[in-house]
file input20.pdb (PDB, C-alpha atoms)
ATOM      1  CA  MET A   1     -94.566  -2.843 -16.907
ATOM      2  CA  ALA A   2     -97.822  -4.669 -17.480
ATOM      3  CA  LYS A   3     -99.304  -1.292 -18.379
ATOM      4  CA  ALA A   4     -96.575  -0.518 -20.888
ATOM      5  CA  ILE A   5     -96.952  -3.883 -22.576
ATOM      6  CA  LYS A   6    -100.720  -3.752 -22.769
ATOM      7  CA  LYS A   7    -100.723  -0.108 -23.884
ATOM      8  CA  THR A   8     -98.386  -0.802 -26.761
ATOM      9  CA  ALA A   9    -100.250  -3.889 -27.862
ATOM     10  CA  ALA A  10    -103.543  -1.981 -27.722
ATOM     11  CA  LYS A  11    -102.134   0.879 -29.789
ATOM     12  CA  VAL A  12    -100.896  -1.507 -32.419
ATOM     13  CA  GLU A  13    -104.247  -3.266 -32.626
ATOM     14  CA  ASN A  14    -106.135   0.022 -32.985
ATOM     15  CA  ASN A  15    -103.711   1.829 -35.293
ATOM     16  CA  PRO A  16    -101.897  -0.487 -37.637
ATOM     17  CA  PRO A  17     -98.819   1.240 -39.023
ATOM     18  CA  THR A  18     -99.283   2.604 -42.511
ATOM     19  CA  ALA A  19     -95.990   4.371 -43.045
ATOM     20  CA  LYS A  20     -93.357   3.090 -45.414
ATOM     21  CA  PRO A  21     -91.458   0.233 -43.815
ATOM     22  CA  ALA A  22     -87.881   0.753 -42.689
ATOM     23  CA  PRO A  23     -85.218  -1.567 -41.322
ATOM     24  CA  ALA A  24     -85.715  -2.203 -37.637
ATOM     25  CA  PRO A  25     -83.137  -2.692 -34.923
ATOM     26  CA  ALA A  26     -82.701  -6.355 -34.046
ATOM     27  CA  ALA A  27     -79.025  -6.827 -33.255
ATOM     28  CA  ASP A  28     -79.532  -6.711 -29.490
ATOM     29  CA  LEU A  29     -82.631  -8.922 -29.450
ATOM     30  CA  ASP A  30     -82.528 -11.397 -26.589
ATOM     31  CA  ARG A  31     -82.719 -14.682 -28.500
ATOM     32  CA  LEU A  32     -83.216 -16.638 -25.307
ATOM     33  CA  ILE A  33     -86.654 -15.185 -24.680
ATOM     34  CA  HIS A  34     -87.647 -14.755 -28.321
ATOM     35  CA  ASP A  35     -88.923 -18.324 -28.271
ATOM     36  CA  ARG A  36     -92.703 -18.429 -27.689
ATOM     37  CA  VAL A  37     -92.693 -20.832 -24.754
ATOM     38  CA  ARG A  38     -89.890 -18.996 -22.950
ATOM     39  CA  LEU A  39     -91.511 -15.624 -23.675
ATOM     40  CA  GLY A  40     -94.756 -17.045 -22.316
ATOM     41  CA  ILE A  41     -93.087 -18.256 -19.115
ATOM     42  CA  LEU A  42     -91.584 -14.815 -18.430
ATOM     43  CA  SER A  43     -94.864 -13.043 -19.288
ATOM     44  CA  ALA A  44     -96.914 -15.272 -17.012
ATOM     45  CA  LEU A  45     -94.473 -14.751 -14.150
ATOM     46  CA  ALA A  46     -94.290 -10.979 -14.780
ATOM     47  CA  THR A  47     -97.605 -10.447 -12.998
ATOM     48  CA  ASP A  48     -95.451 -10.860  -9.910
ATOM     49  CA  ALA A  49     -96.876 -14.231  -9.201
ATOM     50  CA  SER A  50     -95.189 -17.399  -8.156
ATOM     51  CA  LEU A  51     -96.662 -20.037 -10.423
ATOM     52  CA  SER A  52     -96.396 -23.787 -10.116
ATOM     53  CA  PHE A  53     -95.284 -26.045 -12.948
ATOM     54  CA  SER A  54     -98.834 -27.251 -13.527
ATOM     55  CA  GLU A  55    -100.231 -23.694 -13.469
ATOM     56  CA  LEU A  56     -97.663 -22.626 -16.063
ATOM     57  CA  LYS A  57     -98.449 -25.700 -18.138
ATOM     58  CA  LYS A  58    -102.136 -24.777 -18.099
ATOM     59  CA  VAL A  59    -101.539 -21.110 -18.970
ATOM     60  CA  LEU A  60     -99.136 -21.895 -21.809
ATOM     61  CA  LYS A  61    -100.864 -25.085 -22.985
ATOM     62  CA  ALA A  62     -97.445 -26.747 -23.117
ATOM     63  CA  THR A  63     -96.449 -30.352 -22.584
ATOM     64  CA  ASP A  64     -94.459 -31.431 -19.520
ATOM     65  CA  GLY A  65     -91.291 -32.080 -21.507
ATOM     66  CA  ASN A  66     -91.462 -28.895 -23.537
ATOM     67  CA  LEU A  67     -92.110 -26.709 -20.504
ATOM     68  CA  SER A  68     -89.373 -28.248 -18.375
ATOM     69  CA  VAL A  69     -86.767 -27.892 -21.139
ATOM     70  CA  HIS A  70     -87.568 -24.206 -21.675
ATOM     71  CA  ALA A  71     -87.900 -23.450 -17.969
ATOM     72  CA  ARG A  72     -84.474 -25.008 -17.379
ATOM     73  CA  LYS A  73     -82.926 -22.727 -20.030
ATOM     74  CA  LEU A  74     -84.421 -19.657 -18.349
ATOM     75  CA  GLU A  75     -83.302 -20.914 -14.962
ATOM     76  CA  ASP A  76     -79.745 -21.465 -16.238
ATOM     77  CA  ALA A  77     -79.732 -17.896 -17.556
ATOM     78  CA  GLY A  78     -80.844 -16.617 -14.143
ATOM     79  CA  TYR A  79     -84.127 -15.238 -15.522
ATOM     80  CA  ILE A  80     -86.337 -17.374 -13.308
ATOM     81  CA  GLU A  81     -85.809 -19.225 -10.061
ATOM     82  CA  CYS A  82     -87.268 -22.561  -9.187
ATOM     83  CA  ARG A  83     -88.305 -23.833  -5.767
ATOM     84  CA  LYS A  84     -89.130 -27.481  -5.208
ATOM     85  CA  GLY A  85     -91.258 -28.683  -2.339
ATOM     86  CA  PHE A  86     -94.207 -30.854  -1.384
ATOM     87  CA  GLU A  87     -97.915 -30.177  -1.172
ATOM     88  CA  GLY A  88     -98.955 -32.980   1.116
ATOM     89  CA  ARG A  89     -97.242 -35.947  -0.493
ATOM     90  CA  THR A  90     -97.254 -34.517  -3.982
ATOM     91  CA  PRO A  91     -94.071 -32.870  -5.280
ATOM     92  CA  ARG A  92     -94.573 -29.251  -6.286
ATOM     93  CA  THR A  93     -92.300 -26.976  -8.319
ATOM     94  CA  ASP A  94     -92.820 -23.221  -8.126
ATOM     95  CA  TYR A  95     -91.285 -20.644 -10.440
ATOM     96  CA  ARG A  96     -90.674 -16.962  -9.848
ATOM     97  CA  LEU A  97     -89.231 -14.216 -12.044
ATOM     98  CA  THR A  98     -85.849 -12.857 -10.975
ATOM     99  CA  ARG A  99     -84.790  -9.214 -11.298
ATOM    100  CA  GLU A 100     -82.671 -10.178 -14.315
ATOM    101  CA  GLY A 101     -85.656 -11.901 -15.879
ATOM    102  CA  ARG A 102     -87.851  -8.834 -15.384
ATOM    103  CA  GLN A 103     -85.179  -6.609 -16.925
ATOM    104  CA  ALA A 104     -84.807  -8.989 -19.875
ATOM    105  CA  LEU A 105     -88.557  -8.949 -20.505
ATOM    106  CA  GLU A 106     -88.694  -5.156 -20.209
ATOM    107  CA  GLN A 107     -85.848  -4.855 -22.714
ATOM    108  CA  TYR A 108     -87.587  -7.274 -25.039
ATOM    109  CA  VAL A 109     -90.822  -5.268 -24.867
ATOM    110  CA  ALA A 110     -88.862  -2.049 -25.462
ATOM    111  CA  HIS A 111     -87.261  -3.709 -28.465
ATOM    112  CA  MET A 112     -90.640  -4.691 -29.922
ATOM    113  CA  GLU A 113     -91.898  -1.143 -29.335
ATOM    114  CA  ALA A 114     -88.826   0.237 -31.096
ATOM    115  CA  ILE A 115     -89.495  -1.958 -34.128
ATOM    116  CA  ILE A 116     -93.116  -0.828 -34.303
ATOM    117  CA  SER A 117     -92.369   2.870 -33.815
ATOM    118  CA  HIS A 118     -89.536   2.654 -36.350
ATOM    119  CA  VAL A 119     -91.974   1.389 -38.965
ATOM    120  CA  LYS A 120     -94.606   3.943 -37.999
ATOM    121  CA  GLY A 121     -92.099   6.761 -38.064
ATOM    122  CA  GLY A 122     -90.471   5.580 -41.274
TER
ATOM    123  CA  MET B   1     -78.508  -5.377 -37.980
ATOM    124  CA  THR B   2     -75.511  -5.927 -40.195
ATOM    125  CA  ASP B   3     -74.862  -7.808 -43.390
ATOM    126  CA  THR B   4     -72.945 -10.424 -41.456
ATOM    127  CA  GLN B   5     -76.210 -11.603 -39.874
ATOM    128  CA  PRO B   6     -78.534 -12.034 -42.843
ATOM    129  CA  ARG B   7     -80.657 -14.759 -41.231
ATOM    130  CA  ALA B   8     -81.846 -12.423 -38.475
ATOM    131  CA  VAL B   9     -83.523 -10.072 -40.973
ATOM    132  CA  PRO B  10     -86.970 -11.139 -42.134
ATOM    133  CA  PRO B  11     -87.552 -10.868 -45.880
ATOM    134  CA  GLU B  12     -90.180  -8.114 -45.511
ATOM    135  CA  PRO B  13     -89.819  -5.315 -42.944
ATOM    136  CA  THR B  14     -93.628  -5.104 -42.804
ATOM    137  CA  SER B  15     -93.834  -8.630 -41.441
ATOM    138  CA  LEU B  16     -91.194  -7.701 -38.867
ATOM    139  CA  HIS B  17     -93.424  -5.066 -37.298
ATOM    140  CA  GLU B  18     -96.417  -7.375 -37.512
ATOM    141  CA  HIS B  19     -94.363 -10.005 -35.742
ATOM    142  CA  ALA B  20     -93.388  -7.466 -33.054
ATOM    143  CA  ALA B  21     -97.041  -6.477 -32.555
ATOM    144  CA  ASP B  22     -98.007 -10.132 -32.390
ATOM    145  CA  ASN B  23     -95.344 -10.753 -29.737
ATOM    146  CA  LEU B  24     -96.637  -7.872 -27.611
ATOM    147  CA  ARG B  25    -100.186  -9.157 -27.972
ATOM    148  CA  PHE B  26     -99.012 -12.617 -26.921
ATOM    149  CA  ILE B  27     -97.297 -11.173 -23.818
ATOM    150  CA  ARG B  28    -100.436  -9.225 -22.843
ATOM    151  CA  GLU B  29    -102.750 -12.197 -23.344
ATOM    152  CA  THR B  30    -100.433 -14.502 -21.413
ATOM    153  CA  MET B  31    -100.338 -12.070 -18.497
ATOM    154  CA  GLU B  32    -104.131 -11.893 -18.499
ATOM    155  CA  SER B  33    -104.486 -15.655 -18.683
ATOM    156  CA  THR B  34    -102.799 -16.022 -15.295
ATOM    157  CA  GLY B  35    -106.095 -14.655 -13.964
ATOM    158  CA  ARG B  36    -104.597 -11.572 -12.349
ATOM    159  CA  PHE B  37    -105.878  -8.047 -12.825
ATOM    160  CA  THR B  38    -102.831  -5.810 -13.113
ATOM    161  CA  GLU B  39    -104.501  -2.458 -13.744
ATOM    162  CA  LEU B  40    -105.142  -1.277 -10.172
ATOM    163  CA  SER B  41    -104.117   2.376 -10.135
ATOM    164  CA  GLY B  42    -101.300   3.551  -7.862
ATOM    165  CA  LEU B  43    -102.331   7.155  -8.437
ATOM    166  CA  GLY B  44    -105.902   6.233  -7.507
ATOM    167  CA  TYR B  45    -104.768   4.710  -4.205
ATOM    168  CA  LEU B  46    -102.581   7.738  -3.517
ATOM    169  CA  LEU B  47    -105.514  10.123  -3.998
ATOM    170  CA  ILE B  48    -107.734   7.913  -1.837
ATOM    171  CA  GLY B  49    -105.087   8.262   0.877
ATOM    172  CA  VAL B  50    -105.110  12.047   0.536
ATOM    173  CA  SER B  51    -108.913  12.237   0.638
ATOM    174  CA  ALA B  52    -108.983   9.934   3.695
ATOM    175  CA  ALA B  53    -106.467  12.163   5.504
ATOM    176  CA  LEU B  54    -108.712  15.142   4.716
ATOM    177  CA  ALA B  55    -111.761  13.235   5.982
ATOM    178  CA  TRP B  56    -109.879  12.478   9.204
ATOM    179  CA  LEU B  57    -109.086  16.206   9.643
ATOM    180  CA  VAL B  58    -112.687  17.219   8.983
ATOM    181  CA  SER B  59    -113.937  14.605  11.453
ATOM    182  CA  LEU B  60    -111.717  16.202  14.118
ATOM    183  CA  LEU B  61    -113.372  19.548  13.457
ATOM    184  CA  ALA B  62    -116.915  18.140  13.431
ATOM    185  CA  PRO B  63    -116.875  14.978  15.597
ATOM    186  CA  GLU B  64    -120.678  14.859  15.783
ATOM    187  CA  PHE B  65    -120.756  14.087  12.051
ATOM    188  CA  GLU B  66    -117.872  11.613  12.086
ATOM    189  CA  LEU B  67    -119.815   8.643  10.750
ATOM    190  CA  ALA B  68    -121.372  10.731   7.956
ATOM    191  CA  ILE B  69    -117.955  12.163   7.048
ATOM    192  CA  TRP B  70    -116.445   8.694   6.749
ATOM    193  CA  PHE B  71    -119.438   7.503   4.756
ATOM    194  CA  ALA B  72    -118.885  10.411   2.330
ATOM    195  CA  GLU B  73    -115.205   9.430   2.205
ATOM    196  CA  PHE B  74    -116.172   5.848   1.373
ATOM    197  CA  VAL B  75    -118.222   7.106  -1.588
ATOM    198  CA  MET B  76    -115.381   9.415  -2.673
ATOM    199  CA  ALA B  77    -112.801   6.602  -2.387
ATOM    200  CA  THR B  78    -114.995   4.255  -4.437
ATOM    201  CA  VAL B  79    -115.379   6.854  -7.182
ATOM    202  CA  LEU B  80    -111.648   7.669  -7.194
ATOM    203  CA  GLY B  81    -110.634   4.001  -7.202
ATOM    204  CA  LEU B  82    -113.014   3.050 -10.015
ATOM    205  CA  TRP B  83    -112.226   6.138 -12.092
ATOM    206  CA  PHE B  84    -108.452   5.796 -11.987
ATOM    207  CA  THR B  85    -108.503   2.028 -12.432
ATOM    208  CA  ALA B  86    -110.835   2.346 -15.432
ATOM    209  CA  ARG B  87    -108.527   5.039 -16.834
ATOM    210  CA  LYS B  88    -105.453   2.864 -16.407
ATOM    211  CA  ALA B  89    -107.244  -0.146 -17.891
ATOM    212  CA  ALA B  90    -108.443   1.906 -20.880
ATOM    213  CA  SER B  91    -104.935   3.178 -21.572
ATOM    214  CA  ALA B  92    -103.778  -0.447 -21.593
ATOM    215  CA  GLY B  93    -106.506  -1.349 -24.073
ATOM    216  CA  THR B  94    -108.631  -3.314 -21.628
ATOM    217  CA  THR B  95    -111.688  -2.667 -19.427
ATOM    218  CA  LEU B  96    -112.931  -3.160 -15.879
ATOM    219  CA  TRP B  97    -115.066  -6.044 -17.063
ATOM    220  CA  THR B  98    -112.388  -8.626 -17.815
ATOM    221  CA  ARG B  99    -112.591 -12.069 -16.221
ATOM    222  CA  SER B 100    -109.743 -11.296 -13.803
ATOM    223  CA  ALA B 101    -111.311  -7.948 -12.782
ATOM    224  CA  ARG B 102    -114.639  -9.662 -12.092
ATOM    225  CA  LYS B 103    -112.916 -12.302  -9.960
ATOM    226  CA  LEU B 104    -111.147  -9.573  -8.008
ATOM    227  CA  LEU B 105    -114.425  -7.724  -7.394
ATOM    228  CA  LEU B 106    -116.195 -10.919  -6.390
ATOM    229  CA  ALA B 107    -113.487 -11.716  -3.844
ATOM    230  CA  PHE B 108    -113.356  -8.126  -2.568
ATOM    231  CA  SER B 109    -117.080  -7.617  -1.991
ATOM    232  CA  PRO B 110    -118.256 -10.123   0.684
ATOM    233  CA  PRO B 111    -116.131  -8.762   3.587
ATOM    234  CA  MET B 112    -117.153  -5.221   2.574
ATOM    235  CA  ALA B 113    -120.813  -6.259   2.670
ATOM    236  CA  ALA B 114    -120.270  -7.804   6.113
ATOM    237  CA  GLY B 115    -118.680  -4.521   7.242
ATOM    238  CA  GLY B 116    -121.732  -2.603   6.025
ATOM    239  CA  LEU B 117    -124.075  -4.955   7.877
ATOM    240  CA  LEU B 118    -122.085  -4.718  11.119
ATOM    241  CA  THR B 119    -122.050  -0.910  10.854
ATOM    242  CA  PHE B 120    -125.833  -0.927  10.504
ATOM    243  CA  VAL B 121    -126.278  -3.270  13.479
ATOM    244  CA  LEU B 122    -123.734  -1.567  15.757
ATOM    245  CA  TYR B 123    -124.640   2.048  14.939
ATOM    246  CA  PRO B 124    -127.337   2.275  17.662
ATOM    247  CA  THR B 125    -124.752   1.324  20.304
ATOM    248  CA  GLY B 126    -122.828   4.536  19.550
ATOM    249  CA  ASN B 127    -119.540   2.643  19.822
ATOM    250  CA  LEU B 128    -117.774   4.318  16.914
ATOM    251  CA  ALA B 129    -114.338   3.037  17.922
ATOM    252  CA  LEU B 130    -115.590  -0.549  17.604
ATOM    253  CA  ILE B 131    -117.232   0.190  14.252
ATOM    254  CA  GLN B 132    -114.059   1.781  12.882
ATOM    255  CA  GLY B 133    -111.903  -1.098  14.132
ATOM    256  CA  ILE B 134    -114.219  -3.442  12.243
ATOM    257  CA  TRP B 135    -113.944  -1.244   9.116
ATOM    258  CA  LEU B 136    -110.149  -1.439   9.179
ATOM    259  CA  SER B 137    -110.124  -5.198   9.797
ATOM    260  CA  LEU B 138    -112.747  -6.138   7.220
ATOM    261  CA  TYR B 139    -111.346  -3.763   4.620
ATOM    262  CA  GLY B 140    -108.012  -5.508   5.191
ATOM    263  CA  VAL B 141    -109.685  -8.885   4.593
ATOM    264  CA  SER B 142    -111.290  -7.535   1.397
ATOM    265  CA  VAL B 143    -107.974  -6.244   0.116
ATOM    266  CA  ILE B 144    -106.251  -9.557   0.861
ATOM    267  CA  THR B 145    -108.916 -11.701  -0.810
ATOM    268  CA  GLY B 146    -109.336  -9.354  -3.785
ATOM    269  CA  GLY B 147    -105.580  -8.918  -4.016
ATOM    270  CA  LEU B 148    -105.118 -12.638  -4.616
ATOM    271  CA  PHE B 149    -106.325 -11.855  -8.149
ATOM    272  CA  SER B 150    -103.946  -8.948  -8.623
ATOM    273  CA  VAL B 151    -100.281  -8.108  -8.131
ATOM    274  CA  SER B 152     -98.672  -9.461  -4.967
ATOM    275  CA  ILE B 153     -98.217  -6.099  -3.234
ATOM    276  CA  ILE B 154    -102.011  -5.756  -2.752
ATOM    277  CA  PRO B 155    -102.436  -8.578  -0.195
ATOM    278  CA  VAL B 156     -99.500  -7.075   1.732
ATOM    279  CA  MET B 157    -101.485  -3.830   1.994
ATOM    280  CA  GLY B 158    -104.463  -5.856   3.200
ATOM    281  CA  MET B 159    -102.368  -7.436   5.953
ATOM    282  CA  ALA B 160    -101.215  -3.984   7.068
ATOM    283  CA  PHE B 161    -104.876  -2.879   7.284
ATOM    284  CA  MET B 162    -105.714  -5.957   9.338
ATOM    285  CA  ALA B 163    -102.867  -5.122  11.715
ATOM    286  CA  ALA B 164    -104.169  -1.544  12.046
ATOM    287  CA  GLY B 165    -107.657  -2.938  12.680
ATOM    288  CA  ALA B 166    -106.382  -5.324  15.331
ATOM    289  CA  ILE B 167    -104.629  -2.468  17.166
ATOM    290  CA  ALA B 168    -107.785  -0.329  16.971
ATOM    291  CA  LEU B 169    -109.968  -3.156  18.311
ATOM    292  CA  LEU B 170    -107.573  -4.132  21.096
ATOM    293  CA  TRP B 171    -106.772  -0.547  22.142
ATOM    294  CA  PRO B 172    -109.833   1.579  21.274
ATOM    295  CA  ASP B 173    -108.041   4.808  22.271
ATOM    296  CA  THR B 174    -105.825   4.423  19.203
ATOM    297  CA  THR B 175    -108.732   4.098  16.749
ATOM    298  CA  GLY B 176    -108.538   7.683  15.484
ATOM    299  CA  TRP B 177    -104.838   7.381  14.714
ATOM    300  CA  MET B 178    -105.332   3.969  13.126
ATOM    301  CA  MET B 179    -107.998   5.444  10.833
ATOM    302  CA  LEU B 180    -105.494   8.098   9.724
ATOM    303  CA  LEU B 181    -102.615   5.639   9.492
ATOM    304  CA  GLY B 182    -104.716   3.050   7.663
ATOM    305  CA  PHE B 183    -107.039   4.790   5.243
ATOM    306  CA  GLY B 184    -104.729   7.789   4.823
ATOM    307  CA  GLY B 185    -101.201   6.472   5.335
ATOM    308  CA  LEU B 186    -101.387   2.921   3.987
ATOM    309  CA  HIS B 187    -103.328   3.965   0.878
ATOM    310  CA  GLY B 188    -100.816   6.754   0.264
ATOM    311  CA  LEU B 189     -97.763   4.559   0.849
ATOM    312  CA  PHE B 190     -98.949   1.586  -1.193
ATOM    313  CA  GLY B 191    -100.329   3.937  -3.851
ATOM    314  CA  LEU B 192     -96.827   5.334  -4.300
ATOM    315  CA  LEU B 193     -95.307   1.844  -4.409
ATOM    316  CA  ILE B 194     -97.855   0.614  -6.956
ATOM    317  CA  TRP B 195     -97.484   3.790  -9.028
ATOM    318  CA  ARG B 196     -93.729   3.389  -9.086
ATOM    319  CA  ARG B 197     -93.686  -0.299  -9.907
ATOM    320  CA  TYR B 198     -96.840  -0.914 -11.920
ATOM    321  CA  GLY B 199     -97.772   2.522 -13.214
ATOM    322  CA  GLY B 200    -100.391   5.148 -12.374
TER
END
call {"tool": "encode", "arguments": {"input": "input20.pdb", "output": "structure tokens"}}
result
Amino acid sequence: MAKAIKKTAAKVENNPPTAKPAPAPAADLDRLIHDRVRLGILSALATDASLSFSELKKVLKATDGNLSVHARKLEDAGYIECRKGFEGRTPRTDYRLTREGRQALEQYVAHMEAIISHVKGG
Amino acid sequence: MTDTQPRAVPPEPTSLHEHAADNLRFIRETMESTGRFTELSGLGYLLIGVSAALAWLVSLLAPEFELAIWFAEFVMATVLGLWFTARKAASAGTTLWTRSARKLLLAFSPPMAAGGLLTFVLYPTGNLALIQGIWLSLYGVSVITGGLFSVSIIPVMGMAFMAAGAIALLWPDTTGWMMLLGFGGLHGLFGLLIWRRYGG
């Protein structure tokens, strides 16, 4: 999936669409992951990695409060799973993408591709 | 999109596609910022497995040249791996010289260099089974350490190589089969898995 995402983004950067714009499909857009922070959480976890709260915070440059609110929403939707533990005496929270989360991200990417190809083909 | 949901439609369709492109760019950059190189080629690994199986067959036919045959296979595998990974990276709009790719290479290289040194030192002993057991083990270490900067299936492959190396070192009679199972079988198997899940 990483390939598909990067390939599409690369194509768009190299060949900006010039065709006449047309309405794009958006009715089935997953609003939950359309938010930048939530999209960032899923993208970071899509490399198949288990990332800690502080690693995610660093990657997304988000504040503690902002990240925990958005992570909780994704967790409630079943898109990510959270595991709490200790590293020595320090509490540690690790996040991992679930199968549903991966599917949601793939659908979102497919949706973005559809919008772009619709405009290009229009 | 229907008229009952006017707020979901941006005023200009052009900005909609720009927004979509921007979202895809954001996803790609976020994935890269986790420091993992995701462009290792499944097809490349699969072909390395095939070429290693061929090298194993040739070494059975000409055992006096076994070390040279495996050295040629090492060169072939390096070329195949680099070529297909560069191809996959290029199709994704990136290169082999990203920060995450450099970290992967840096982590992968030291055990490989140690393997080369041990081969050089042990060659005069003529103990090829020992040398090949070391190859399997140290290649496994390289794959594990390099794989920490890639997708999580790569370190699993490294562990499987280490297990094959341990068997070859503990029971030298099995070394030939472990070379086939490791460099041929594990590359082929994990190549297929990577191809299927992460692309060719």
call {"tool": "resolve_selection", "arguments": {"input": "input20.pdb", "expression": "the PyMOL selection byres ((chain A and resi 99) around 12)", "output": "PDB file with C-alpha atoms, in the coordinates of the input"}}
result
ATOM      1  CA  LEU A  42     -91.584 -14.815 -18.430  1.00  0.00           C
ATOM      2  CA  LEU A  45     -94.473 -14.751 -14.150  1.00  0.00           C
ATOM      3  CA  ALA A  46     -94.290 -10.979 -14.780  1.00  0.00           C
ATOM      4  CA  ASP A  48     -95.451 -10.860  -9.910  1.00  0.00           C
ATOM      5  CA  ALA A  77     -79.732 -17.896 -17.556  1.00  0.00           C
ATOM      6  CA  GLY A  78     -80.844 -16.617 -14.143  1.00  0.00           C
ATOM      7  CA  TYR A  79     -84.127 -15.238 -15.522  1.00  0.00           C
ATOM      8  CA  ILE A  80     -86.337 -17.374 -13.308  1.00  0.00           C
ATOM      9  CA  GLU A  81     -85.809 -19.225 -10.061  1.00  0.00           C
ATOM     10  CA  ARG A  96     -90.674 -16.962  -9.848  1.00  0.00           C
ATOM     11  CA  LEU A  97     -89.231 -14.216 -12.044  1.00  0.00           C
ATOM     12  CA  THR A  98     -85.849 -12.857 -10.975  1.00  0.00           C
ATOM     13  CA  GLU A 100     -82.671 -10.178 -14.315  1.00  0.00           C
ATOM     14  CA  GLY A 101     -85.656 -11.901 -15.879  1.00  0.00           C
ATOM     15  CA  ARG A 102     -87.851  -8.834 -15.384  1.00  0.00           C
ATOM     16  CA  GLN A 103     -85.179  -6.609 -16.925  1.00  0.00           C
ATOM     17  CA  ALA A 104     -84.807  -8.989 -19.875  1.00  0.00           C
ATOM     18  CA  LEU A 105     -88.557  -8.949 -20.505  1.00  0.00           C
ATOM     19  CA  GLU A 106     -88.694  -5.156 -20.209  1.00  0.00           C
TER      20      GLU A 106
END
call {"tool": "atom_distance", "arguments": {"input": "input20.pdb", "atom1": "CA of Glu73 (chain B)", "atom2": "CA of Ala55 (chain B)"}}
result
6.4 Å
call {"tool": "resolve_selection", "arguments": {"input": "input20.pdb", "expression": "the PyMOL selection byres ((chain A and resi 92) around 9)", "output": "list of chain:residue names"}}
result
A:Ser52, A:Phe53, A:Ser54, A:Arg83, A:Lys84, A:Gly85, A:Phe86, A:Glu87, A:Thr90, A:Pro91, A:Thr93, A:Asp94
call {"tool": "residues_around", "arguments": {"input": "input20.pdb", "residues": "Phe183 (chain B)", "least_positions_apart": "2", "cutoff": "10 Å", "atoms": "all atoms listed in the file", "output": "list in words"}}
result
Tyr45, Ile48, Gly49, Val50, Ser51, Ala52, Ala53, Ala55, Trp56, Glu73, Phe74, Ala77, Trp135, Leu136, Tyr139, Phe161, Ala164, Met178, Met179, Leu180, Leu181, Gly185, Leu186, His187 and Gly188 of chain B
call {"tool": "resolve_selection", "arguments": {"input": "input20.pdb", "expression": "the PyMOL selection byres ((chain B and resi 152) around 10)", "output": "list of chain:residue names"}}
result
A:Thr47, A:Asp48, A:Ala49, A:Ser50, B:Arg36, B:Thr38, B:Ile144, B:Gly147, B:Leu148, B:Phe149, B:Ser150, B:Val151, B:Ile153, B:Ile154, B:Pro155, B:Val156, B:Met157
call {"tool": "atom_distance", "arguments": {"input": "input20.pdb", "atom1": "CA of Thr34 (chain B)", "atom2": "CA of Leu16 (chain B)"}}
result
27.6 Å
call {"tool": "residues_near_point", "arguments": {"input": "input20.pdb", "point": "(-113.6, 10.2, 10.8)", "cutoff": "8 Å", "atoms": "only C-alpha atoms", "output": "list in words"}}
result
Ala55, Trp56, Leu57, Val58, Ser59, Leu60, Pro63, Glu66, Leu67, Ile69, Trp70, Gly176 and Met179 of chain B
call {"tool": "atom_distance", "arguments": {"input": "input20.pdb", "atom1": "CA of Leu32 (chain A)", "atom2": "CA of Tyr108 (chain A)"}}
result
10.3 Å
call {"tool": "residues_around", "arguments": {"input": "input20.pdb", "residues": "Leu106 (chain B)", "least_positions_apart": "6", "cutoff": "10 Å", "atoms": "all atoms listed in the file", "output": "list in words"}}
result
Ser100, Ser142, Thr145 and Gly146 of chain B
call {"tool": "closest_residue", "arguments": {"input": "input20.pdb", "among": "B:Leu40, B:Val143, B:Leu128, B:Val75", "to": "chain A", "atoms": "only C-alpha atoms"}}
result
B:Leu40
call {"tool": "closest_residue", "arguments": {"input": "input20.pdb", "among": "B:Asn23, B:Ser15, B:Ser33, B:Asn127", "to": "Arg99 (chain B)", "atoms": "only C-alpha atoms"}}
result
B:Ser33
